[in-house]
Amino acid sequence: MTAQRYDRVARLLHWLIGALLLAQIAFGFLLDDIAPRNTPARAGVINLHKSLGMLLGLLILARLLWRLTHKPPPWLPSLPRWQQRAAHWGHVLLYVCMVTMPLSGYVASNFSKHGVKFFGTPLAPWGPELPEVYKFFNGVHVVTAFVFSALIVGHVLAAISHLLARDGTLHRISLAPDTESDDR
Ligand code: HEM
């Protein structure tokens with residue numbers, strides 16, 4: 001079988017960012033349990049979430065640029081048209097959420113008195129303290145977290161169905177090295 005695959009960088013970024021995103025989403029939803037509001041631990045834990053989120057944002061930017069400048073492999077001919085369309089739009093929405101999560105968190109924080117510290121180094125704030133604006137962007141952050149989680153569940157279920165169908169879809173994105181039967 002001749003399989004066309006995503007290139008090595010795209011495959012590596014997919015799994016690296018996927019794993020880090022799952023951890024960061026779980027961290028976000030667990031913030032209030034790990035360090036409840038108005039406790040001494042809160043500031044340190046929130047700053048860690050912000051720093052990891054910013055780092056992830058940079059990785060996501062690299063991935064987006066790579067994706068826009070490197071053509072993905074064509075769909076498997078066996079994949080029905082409706083599934084090609086669903087996968088295309090599902091992937092677009094995943095990218096939208098990937099960008100919105102760190103961006104909304106970063107923008108929100110610039111309108112709060114806490115600002116952003118990147119692993120201890122304060123980043124120059126560019127917004128005044130505006131609680132209503134903070135609330136809006138934080139709302140975007142929270143709503144996107146739920147939409148993103150639902151999309152990820154759909155993405156994983158689709159991957160499992162391809163795994164069970166053994167149709168070669170997962171090989172396109174797997175970390176297994178290329179073999180002679182691969183097309184790139
Ligand atoms: C890919 C990156 C990120 C992911 C996946 C993520 C995910 C989350 C999640 C799931 C929550 C909990 C939402 C809820 O309350 O239900 C959260 C909360 C929060 N995030 Fe992020 N986040 C990211 C990046 C950032 C960045 C870059 C910042 C700021 C620089 C940030 C600041 C915050 C803050 C302040 C909260 C707590 C909001 C509150 O007090 O209600 N996040 N995040």
# chains A, B, ... in the order shown; residues from 1 in each chain; ligands from 1
$ residues_near_ligand --ligand "ligand 1" --cutoff "6 Å" --atoms "only C-alpha atoms and all ligand atoms" --output "PDB file with all heavy atoms, in the first residue's frame"
ATOM      1  N   LEU A  21      -1.700  20.031  25.290  1.00  0.00           N
ATOM      2  CA  LEU A  21      -3.023  20.665  25.365  1.00  0.00           C
ATOM      3  C   LEU A  21      -3.938  19.930  26.332  1.00  0.00           C
ATOM      4  O   LEU A  21      -4.647  20.547  27.123  1.00  0.00           O
ATOM      5  CB  LEU A  21      -3.672  20.697  23.984  1.00  0.00           C
ATOM      6  CG  LEU A  21      -3.375  21.925  23.123  1.00  0.00           C
ATOM      7  CD1 LEU A  21      -3.956  21.746  21.735  1.00  0.00           C
ATOM      8  CD2 LEU A  21      -3.950  23.183  23.772  1.00  0.00           C
ATOM      9  N   GLN A  24      -2.910  20.880  29.739  1.00  0.00           N
ATOM     10  CA  GLN A  24      -3.234  22.284  30.056  1.00  0.00           C
ATOM     11  C   GLN A  24      -4.739  22.481  30.258  1.00  0.00           C
ATOM     12  O   GLN A  24      -5.156  23.254  31.122  1.00  0.00           O
ATOM     13  CB  GLN A  24      -2.706  23.200  28.935  1.00  0.00           C
ATOM     14  CG  GLN A  24      -3.031  24.672  29.086  1.00  0.00           C
ATOM     15  CD  GLN A  24      -2.183  25.391  30.137  1.00  0.00           C
ATOM     16  OE1 GLN A  24      -1.456  24.748  30.890  1.00  0.00           O
ATOM     17  NE2 GLN A  24      -2.282  26.694  30.210  1.00  0.00           N
ATOM     18  N   ILE A  25      -5.555  21.777  29.468  1.00  0.00           N
ATOM     19  CA  ILE A  25      -7.021  21.880  29.638  1.00  0.00           C
ATOM     20  C   ILE A  25      -7.408  21.320  31.009  1.00  0.00           C
ATOM     21  O   ILE A  25      -8.168  21.928  31.767  1.00  0.00           O
ATOM     22  CB  ILE A  25      -7.765  21.157  28.496  1.00  0.00           C
ATOM     23  CG1 ILE A  25      -7.545  21.896  27.169  1.00  0.00           C
ATOM     24  CG2 ILE A  25      -9.256  21.063  28.795  1.00  0.00           C
ATOM     25  CD1 ILE A  25      -8.066  21.164  25.945  1.00  0.00           C
ATOM     26  N   GLY A  28      -6.406  23.694  33.669  1.00  0.00           N
ATOM     27  CA  GLY A  28      -7.327  24.829  33.723  1.00  0.00           C
ATOM     28  C   GLY A  28      -8.607  24.484  34.475  1.00  0.00           C
ATOM     29  O   GLY A  28      -9.023  25.220  35.376  1.00  0.00           O
ATOM     30  N   PHE A  29      -9.210  23.329  34.129  1.00  0.00           N
ATOM     31  CA  PHE A  29     -10.468  22.954  34.783  1.00  0.00           C
ATOM     32  C   PHE A  29     -10.256  22.625  36.270  1.00  0.00           C
ATOM     33  O   PHE A  29     -11.197  22.691  37.059  1.00  0.00           O
ATOM     34  CB  PHE A  29     -11.118  21.768  34.063  1.00  0.00           C
ATOM     35  CG  PHE A  29     -11.849  22.167  32.802  1.00  0.00           C
ATOM     36  CD1 PHE A  29     -11.665  21.460  31.614  1.00  0.00           C
ATOM     37  CD2 PHE A  29     -12.731  23.239  32.799  1.00  0.00           C
ATOM     38  CE1 PHE A  29     -12.340  21.818  30.447  1.00  0.00           C
ATOM     39  CE2 PHE A  29     -13.416  23.606  31.636  1.00  0.00           C
ATOM     40  CZ  PHE A  29     -13.212  22.891  30.461  1.00  0.00           C
ATOM     41  N   LYS A  50      -0.604  30.363  33.357  1.00  0.00           N
ATOM     42  CA  LYS A  50      -0.389  31.399  32.333  1.00  0.00           C
ATOM     43  C   LYS A  50       0.919  31.148  31.575  1.00  0.00           C
ATOM     44  O   LYS A  50       0.969  31.244  30.343  1.00  0.00           O
ATOM     45  CB  LYS A  50      -0.347  32.781  32.981  1.00  0.00           C
ATOM     46  CG  LYS A  50      -1.699  33.260  33.511  1.00  0.00           C
ATOM     47  CD  LYS A  50      -1.550  34.648  34.122  1.00  0.00           C
ATOM     48  CE  LYS A  50      -2.867  35.192  34.644  1.00  0.00           C
ATOM     49  NZ  LYS A  50      -2.707  36.510  35.264  1.00  0.00           N
ATOM     50  N   GLY A  53       0.635  28.184  29.367  1.00  0.00           N
ATOM     51  CA  GLY A  53      -0.271  28.538  28.273  1.00  0.00           C
ATOM     52  C   GLY A  53       0.415  29.393  27.216  1.00  0.00           C
ATOM     53  O   GLY A  53       0.194  29.224  26.018  1.00  0.00           O
ATOM     54  N   MET A  54       1.287  30.315  27.663  1.00  0.00           N
ATOM     55  CA  MET A  54       2.012  31.171  26.710  1.00  0.00           C
ATOM     56  C   MET A  54       2.999  30.337  25.884  1.00  0.00           C
ATOM     57  O   MET A  54       3.149  30.530  24.679  1.00  0.00           O
ATOM     58  CB  MET A  54       2.794  32.253  27.453  1.00  0.00           C
ATOM     59  CG  MET A  54       1.955  33.144  28.331  1.00  0.00           C
ATOM     60  SD  MET A  54       1.095  34.381  27.410  1.00  0.00           S
ATOM     61  CE  MET A  54       2.472  35.332  26.879  1.00  0.00           C
ATOM     62  N   LEU A  56       2.752  27.187  25.245  1.00  0.00           N
ATOM     63  CA  LEU A  56       1.935  26.392  24.329  1.00  0.00           C
ATOM     64  C   LEU A  56       1.472  27.259  23.155  1.00  0.00           C
ATOM     65  O   LEU A  56       1.436  26.809  22.003  1.00  0.00           O
ATOM     66  CB  LEU A  56       0.750  25.850  25.126  1.00  0.00           C
ATOM     67  CG  LEU A  56       0.075  24.561  24.704  1.00  0.00           C
ATOM     68  CD1 LEU A  56       1.048  23.525  24.212  1.00  0.00           C
ATOM     69  CD2 LEU A  56      -0.700  24.009  25.889  1.00  0.00           C
ATOM     70  N   GLY A  57       1.147  28.521  23.452  1.00  0.00           N
ATOM     71  CA  GLY A  57       0.727  29.448  22.402  1.00  0.00           C
ATOM     72  C   GLY A  57       1.818  29.601  21.342  1.00  0.00           C
ATOM     73  O   GLY A  57       1.530  29.640  20.135  1.00  0.00           O
ATOM     74  N   MET A 101      -7.604  29.897  22.579  1.00  0.00           N
ATOM     75  CA  MET A 101      -7.335  29.622  24.008  1.00  0.00           C
ATOM     76  C   MET A 101      -6.202  30.488  24.571  1.00  0.00           C
ATOM     77  O   MET A 101      -6.425  31.247  25.506  1.00  0.00           O
ATOM     78  CB  MET A 101      -7.018  28.127  24.230  1.00  0.00           C
ATOM     79  CG  MET A 101      -8.210  27.191  24.234  1.00  0.00           C
ATOM     80  SD  MET A 101      -9.596  27.681  25.249  1.00  0.00           S
ATOM     81  CE  MET A 101      -8.929  27.716  26.872  1.00  0.00           C
ATOM     82  N   PRO A 102      -4.984  30.379  24.035  1.00  0.00           N
ATOM     83  CA  PRO A 102      -3.914  31.196  24.630  1.00  0.00           C
ATOM     84  C   PRO A 102      -4.124  32.692  24.395  1.00  0.00           C
ATOM     85  O   PRO A 102      -3.829  33.509  25.271  1.00  0.00           O
ATOM     86  CB  PRO A 102      -2.635  30.704  23.936  1.00  0.00           C
ATOM     87  CG  PRO A 102      -3.078  29.958  22.733  1.00  0.00           C
ATOM     88  CD  PRO A 102      -4.472  29.498  22.975  1.00  0.00           C
ATOM     89  N   GLY A 105      -6.720  34.136  26.856  1.00  0.00           N
ATOM     90  CA  GLY A 105      -6.150  34.182  28.208  1.00  0.00           C
ATOM     91  C   GLY A 105      -5.156  35.331  28.322  1.00  0.00           C
ATOM     92  O   GLY A 105      -5.183  36.094  29.291  1.00  0.00           O
ATOM     93  N   TYR A 106      -4.311  35.484  27.294  1.00  0.00           N
ATOM     94  CA  TYR A 106      -3.283  36.538  27.311  1.00  0.00           C
ATOM     95  C   TYR A 106      -3.917  37.933  27.278  1.00  0.00           C
ATOM     96  O   TYR A 106      -3.569  38.814  28.068  1.00  0.00           O
ATOM     97  CB  TYR A 106      -2.336  36.337  26.126  1.00  0.00           C
ATOM     98  CG  TYR A 106      -1.342  37.464  25.944  1.00  0.00           C
ATOM     99  CD1 TYR A 106      -0.319  37.665  26.860  1.00  0.00           C
ATOM    100  CD2 TYR A 106      -1.453  38.345  24.869  1.00  0.00           C
ATOM    101  CE1 TYR A 106       0.575  38.713  26.707  1.00  0.00           C
ATOM    102  CE2 TYR A 106      -0.557  39.388  24.709  1.00  0.00           C
ATOM    103  CZ  TYR A 106       0.452  39.574  25.628  1.00  0.00           C
ATOM    104  OH  TYR A 106       1.327  40.608  25.480  1.00  0.00           O
ATOM    105  N   SER A 109      -5.737  38.804  30.553  1.00  0.00           N
ATOM    106  CA  SER A 109      -4.824  39.105  31.671  1.00  0.00           C
ATOM    107  C   SER A 109      -4.245  40.502  31.577  1.00  0.00           C
ATOM    108  O   SER A 109      -3.881  41.095  32.595  1.00  0.00           O
ATOM    109  CB  SER A 109      -3.690  38.087  31.709  1.00  0.00           C
ATOM    110  OG  SER A 109      -4.229  36.807  31.908  1.00  0.00           O
ATOM    111  N   VAL A 116       0.639  39.509  33.226  1.00  0.00           N
ATOM    112  CA  VAL A 116       1.186  38.183  32.907  1.00  0.00           C
ATOM    113  C   VAL A 116       2.647  38.128  33.333  1.00  0.00           C
ATOM    114  O   VAL A 116       3.430  39.014  32.995  1.00  0.00           O
ATOM    115  CB  VAL A 116       1.108  37.898  31.385  1.00  0.00           C
ATOM    116  CG1 VAL A 116       1.673  36.513  31.083  1.00  0.00           C
ATOM    117  CG2 VAL A 116      -0.319  38.006  30.887  1.00  0.00           C
ATOM    118  N   VAL A 142     -13.235  30.652  28.749  1.00  0.00           N
ATOM    119  CA  VAL A 142     -13.963  29.546  29.389  1.00  0.00           C
ATOM    120  C   VAL A 142     -14.878  28.836  28.379  1.00  0.00           C
ATOM    121  O   VAL A 142     -14.874  27.605  28.282  1.00  0.00           O
ATOM    122  CB  VAL A 142     -14.786  30.070  30.600  1.00  0.00           C
ATOM    123  CG1 VAL A 142     -15.647  28.971  31.181  1.00  0.00           C
ATOM    124  CG2 VAL A 142     -13.852  30.642  31.666  1.00  0.00           C
ATOM    125  N   ALA A 145     -12.965  26.786  26.057  1.00  0.00           N
ATOM    126  CA  ALA A 145     -12.445  25.568  26.702  1.00  0.00           C
ATOM    127  C   ALA A 145     -13.462  24.430  26.569  1.00  0.00           C
ATOM    128  O   ALA A 145     -13.088  23.276  26.299  1.00  0.00           O
ATOM    129  CB  ALA A 145     -12.131  25.841  28.167  1.00  0.00           C
TER     130      ALA A 145
END
$ select_by_dssp --residues "chain A" --states "strand (DSSP E or B)" --output "ChimeraX atom specification"
/A:3,117-118,121-122,182
$ write_last_selection --atoms "all heavy atoms" --output "tab-separated table (two decimals), in the first residue's frame"
chain	number	residue	atom	x	y	z
A	3	ALA	N	1.14	4.86	1.08
A	3	ALA	CA	0.42	5.79	1.95
A	3	ALA	C	1.07	7.15	1.85
A	3	ALA	O	2.28	7.25	1.81
A	3	ALA	CB	0.46	5.30	3.37
A	117	LYS	N	2.99	37.08	34.09
A	117	LYS	CA	4.40	36.83	34.39
A	117	LYS	C	4.77	35.55	33.66
A	117	LYS	O	4.11	34.53	33.82
A	117	LYS	CB	4.63	36.64	35.89
A	117	LYS	CG	4.55	37.91	36.68
A	117	LYS	CD	5.08	37.67	38.09
A	117	LYS	CE	4.54	38.71	39.04
A	117	LYS	NZ	3.16	38.43	39.49
A	118	PHE	N	5.85	35.63	32.84
A	118	PHE	CA	6.26	34.44	32.09
A	118	PHE	C	7.36	33.75	32.90
A	118	PHE	O	8.49	34.22	32.93
A	118	PHE	CB	6.75	34.84	30.70
A	118	PHE	CG	7.02	33.68	29.79
A	118	PHE	CD1	6.00	32.81	29.42
A	118	PHE	CD2	8.29	33.43	29.31
A	118	PHE	CE1	6.23	31.73	28.57
A	118	PHE	CE2	8.55	32.37	28.46
A	118	PHE	CZ	7.51	31.52	28.10
A	121	THR	N	9.06	36.28	35.07
A	121	THR	CA	9.42	37.58	34.46
A	121	THR	C	8.15	38.32	34.03
A	121	THR	O	7.42	37.83	33.16
A	121	THR	CB	10.32	37.37	33.22
A	121	THR	OG1	11.42	36.58	33.61
A	121	THR	CG2	10.78	38.69	32.64
A	122	PRO	N	7.88	39.51	34.63
A	122	PRO	CA	6.66	40.24	34.22
A	122	PRO	C	6.77	40.70	32.77
A	122	PRO	O	7.79	41.24	32.36
A	122	PRO	CB	6.62	41.43	35.17
A	122	PRO	CG	7.65	41.17	36.22
A	122	PRO	CD	8.66	40.22	35.64
A	182	ASP	N	6.05	3.99	1.96
A	182	ASP	CA	5.48	5.33	2.10
A	182	ASP	C	5.90	6.19	0.93
A	182	ASP	O	6.97	6.04	0.37
A	182	ASP	CB	5.92	5.97	3.43
A	182	ASP	CG	5.25	5.30	4.62
A	182	ASP	OD1	4.05	5.00	4.51
A	182	ASP	OD2	5.94	5.05	5.62
$ atom_distance --atom1 "CA of Ile173 (chain A)" --atom2 "CA of Cys97 (chain A)"
20.1 Å
$ select_by_dssp --residues "region 64-119 of chain A" --states "helix (DSSP H, G or I)" --output "count of residues only"
36
$ closest_residue --among "A:His88, A:Leu164, A:Leu175, A:Gly115" --to "Ala43 (chain A)" --atoms "only C-alpha atoms"
A:Gly115
$ residues_around --residues "Gly120 (chain A)" --least-positions-apart "5" --cutoff "10 Å" --atoms "only C-alpha atoms" --output "number ranges by chain"
A: 44, 47-48, 51
$ write_last_selection --atoms "N, CA and C atoms" --output "PDB file, in the first residue's frame"
ATOM      1  N   GLY A  44       0.529  31.654  42.571  1.00  0.00           N
ATOM      2  CA  GLY A  44       1.593  30.838  41.970  1.00  0.00           C
ATOM      3  C   GLY A  44       1.040  29.852  40.953  1.00  0.00           C
ATOM      4  N   ASN A  47      -0.167  31.701  37.870  1.00  0.00           N
ATOM      5  CA  ASN A  47       0.992  32.137  37.067  1.00  0.00           C
ATOM      6  C   ASN A  47       1.604  30.977  36.303  1.00  0.00           C
ATOM      7  N   LEU A  48       1.605  29.797  36.914  1.00  0.00           N
ATOM      8  CA  LEU A  48       2.139  28.620  36.206  1.00  0.00           C
ATOM      9  C   LEU A  48       1.245  28.291  35.009  1.00  0.00           C
ATOM     10  N   SER A  51       1.985  30.823  32.310  1.00  0.00           N
ATOM     11  CA  SER A  51       3.291  30.617  31.668  1.00  0.00           C
ATOM     12  C   SER A  51       3.260  29.417  30.726  1.00  0.00           C
TER      13      SER A  51
END
$ closest_residue --among "A:Leu12, A:Phe136, A:Leu170, A:Leu22" --to "Val153 (chain A)" --atoms "only C-alpha atoms"
A:Leu22
